[in-house]
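Structure, as structure tokens:
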Amino acid sequence: MSDSTTATPEALSDDEWRSRLSADQYRVLREHGTERAGTSCLLAEKRAGTFACAGCGQPLFEQGTKYESGTGWPSFFAPLEGAVETTRDRSFGMVRTEVHCARCKGHLGHVFEDGPAPTGLRYCMNGAAMAFEPA
């Protein structure tokens, strides 16, 4: 089996993803699900460190870019360079910008243009899609 730090959709079968991830992680990362607002333990995480993809370990966001958005999901104003990619999401009768891991393509959440300076962006992420690595 491939090492989790180099996992790609092409390298892992659906069964391998299911065996690596919890049911919630699988639903969010592989099936584009959304966790209920206010349920992530990462929402209150304030220690120095890095938020990484729960699917492949790719570092995604530094703690210093996290802020309290009041939405009920961990929010950030900027990802690490090259860590995420975006696509158009036309589900639920609206157009949003989906954010996914640049390495394994796992669904992380969405980005909106109502965030704080300096970017004006709000990366609204599912905590189930991430793991926290303290500094």
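So you can find residues: chains in the structure tokens are A, B, ... in the order shown, residues in each start at 1, and ligands are numbered from 1 in order.
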Problem - chain A: residues DSSP assigns to alpha helix (DSSP H), reported as a PyMOL selection string - result: chain A and resi 14-20+23-29
Exercise for the section: Might you pull out every residue within 9 Å of stretch 46-61 of chain A, with only C-alpha atoms counted and same-chain residues fewer than 4 positions away left off, and present them as a PyMOL selection string? Expected result: chain A and resi 3-8+17+20-21+25-26+29+42+65-66+76+78-84+101-104+106+108+128-135
Exercise for the section: Fewer than 5 positions away in the same chain doesn't count, so skip those; otherwise give me all residues within 8 Å of A:Thr87, counting only C-alpha atoms, as a PyMOL selection string. Expected result: chain A and resi 97-99
Exercise for the section: Considering only C-alpha atoms, return as a list in words whatever protein or nucleic-acid residues lie within 6 Å of A:Ser75, sequence-local ones (same chain, fewer than 2 positions apart) excluded. Expected result: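 Returned residues: Lys66, Tyr67, Tyr123 and Cys124 of chain A.
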How would the residues just picked look written out with C-alpha atoms as a JSON list (two decimals), in the first residue's frame?
```
[["chain", "number", "residue", "atom", "x", "y", "z"],
["A", 66, "LYS", "CA", -6.91, 30.81, 11.49],
["A", 67, "TYR", "CA", -9.60, 33.14, 12.81],
["A", 123, "TYR", "CA", -11.48, 29.33, 3.77],
["A", 124, "CYS", "CA", -14.34, 27.56, 5.55]]
```
Practice task
List every residue of chain A that DSSP, applied to the backbone of this structure, places in strand (DSSP E), and write the result as a ChimeraX atom specification.
Solution key: /A:49-53,59-62,66-67,75-76,84-89,96-101,107-112,122-125,130-134
Just write the chosen residues, C-alpha atoms, as a PDB file, in the first residue's frame.
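See selection19.pdb below for the written result:
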```
ATOM      1  CA  GLY A  49       1.075  24.446  14.651  1.00  0.00           C
ATOM      2  CA  THR A  50      -0.152  23.334  11.255  1.00  0.00           C
ATOM      3  CA  PHE A  51      -3.473  22.018   9.998  1.00  0.00           C
ATOM      4  CA  ALA A  52      -2.866  19.158   7.547  1.00  0.00           C
ATOM      5  CA  CYS A  53      -5.019  17.023   5.264  1.00  0.00           C
ATOM      6  CA  PRO A  59       0.247  20.703   5.320  1.00  0.00           C
ATOM      7  CA  LEU A  60      -2.623  23.082   4.488  1.00  0.00           C
ATOM      8  CA  PHE A  61      -2.863  26.049   6.894  1.00  0.00           C
ATOM      9  CA  GLU A  62      -0.681  27.601   9.604  1.00  0.00           C
ATOM     10  CA  LYS A  66      -6.910  30.809  11.495  1.00  0.00           C
ATOM     11  CA  TYR A  67      -9.603  33.138  12.815  1.00  0.00           C
ATOM     12  CA  SER A  75     -11.817  29.264   9.086  1.00  0.00           C
ATOM     13  CA  PHE A  76      -8.578  30.596   7.650  1.00  0.00           C
ATOM     14  CA  VAL A  84      -4.871  23.612  -1.972  1.00  0.00           C
ATOM     15  CA  GLU A  85      -6.626  23.818  -5.310  1.00  0.00           C
ATOM     16  CA  THR A  86     -10.087  25.107  -6.139  1.00  0.00           C
ATOM     17  CA  THR A  87     -12.887  24.136  -8.492  1.00  0.00           C
ATOM     18  CA  ARG A  88     -16.397  25.428  -9.181  1.00  0.00           C
ATOM     19  CA  ASP A  89     -19.079  23.660  -7.152  1.00  0.00           C
ATOM     20  CA  ARG A  96     -19.424  28.140  -4.837  1.00  0.00           C
ATOM     21  CA  THR A  97     -15.678  27.651  -4.926  1.00  0.00           C
ATOM     22  CA  GLU A  98     -14.712  24.241  -3.581  1.00  0.00           C
ATOM     23  CA  VAL A  99     -11.344  23.801  -1.884  1.00  0.00           C
ATOM     24  CA  HIS A 100      -9.519  20.495  -2.084  1.00  0.00           C
ATOM     25  CA  CYS A 101      -6.109  19.163  -1.108  1.00  0.00           C
ATOM     26  CA  HIS A 107     -12.627  17.788  -0.379  1.00  0.00           C
ATOM     27  CA  LEU A 108     -11.814  20.268   2.406  1.00  0.00           C
ATOM     28  CA  GLY A 109     -14.598  22.851   2.223  1.00  0.00           C
ATOM     29  CA  HIS A 110     -15.268  26.107   0.362  1.00  0.00           C
ATOM     30  CA  VAL A 111     -13.713  29.560   0.067  1.00  0.00           C
ATOM     31  CA  PHE A 112     -15.761  32.750   0.220  1.00  0.00           C
ATOM     32  CA  ARG A 122     -12.649  32.895   4.250  1.00  0.00           C
ATOM     33  CA  TYR A 123     -11.480  29.330   3.768  1.00  0.00           C
ATOM     34  CA  CYS A 124     -14.344  27.560   5.547  1.00  0.00           C
ATOM     35  CA  MET A 125     -12.947  24.080   6.183  1.00  0.00           C
ATOM     36  CA  MET A 130      -7.917  17.971   8.664  1.00  0.00           C
ATOM     37  CA  ALA A 131      -5.553  16.911  11.413  1.00  0.00           C
ATOM     38  CA  PHE A 132      -3.694  19.327  13.676  1.00  0.00           C
ATOM     39  CA  GLU A 133       0.073  19.028  14.132  1.00  0.00           C
ATOM     40  CA  PRO A 134       1.314  21.099  17.112  1.00  0.00           C
TER      41      PRO A 134
END
```
Practice task
Can you work out which one of A:Asp114, A:Pro74, A:Ser19, A:Ala11 has the shortest atom-to-atom distance to A:Glu35, counting only C-alpha atoms?
Solution key: A:Pro74
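Considering the residues A:Thr71, A:Pro118, A:Glu113, A:Arg30 and counting only C-alpha atoms, A:Glu16 has its shortest atom-to-atom contact with A:Arg30.
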Exercise for the section: Considering only C-alpha atoms, return as an MDAnalysis selection string whatever protein or nucleic-acid residues lie within 8 Å of A:Trp73, sequence-local ones (same chain, fewer than 3 positions apart) excluded. Expected result: chainID A and resid 37:38 40 43 69:70 124:127
Residues from last step as file, C-alpha atoms, as a CSV table (one decimal), in the first residue's frame:
```
chain,number,residue,atom,x,y,z
A,37,ALA,CA,-21.5,23.3,12.2
A,38,GLY,CA,-19.9,23.6,15.6
A,40,SER,CA,-15.2,20.0,15.0
A,43,LEU,CA,-12.8,24.8,15.8
A,69,SER,CA,-15.6,33.5,11.6
A,70,GLY,CA,-18.7,32.7,13.7
A,124,CYS,CA,-14.3,27.6,5.5
A,125,MET,CA,-12.9,24.1,6.2
A,126,ASN,CA,-14.4,20.9,7.6
A,127,GLY,CA,-12.5,19.8,10.7
```
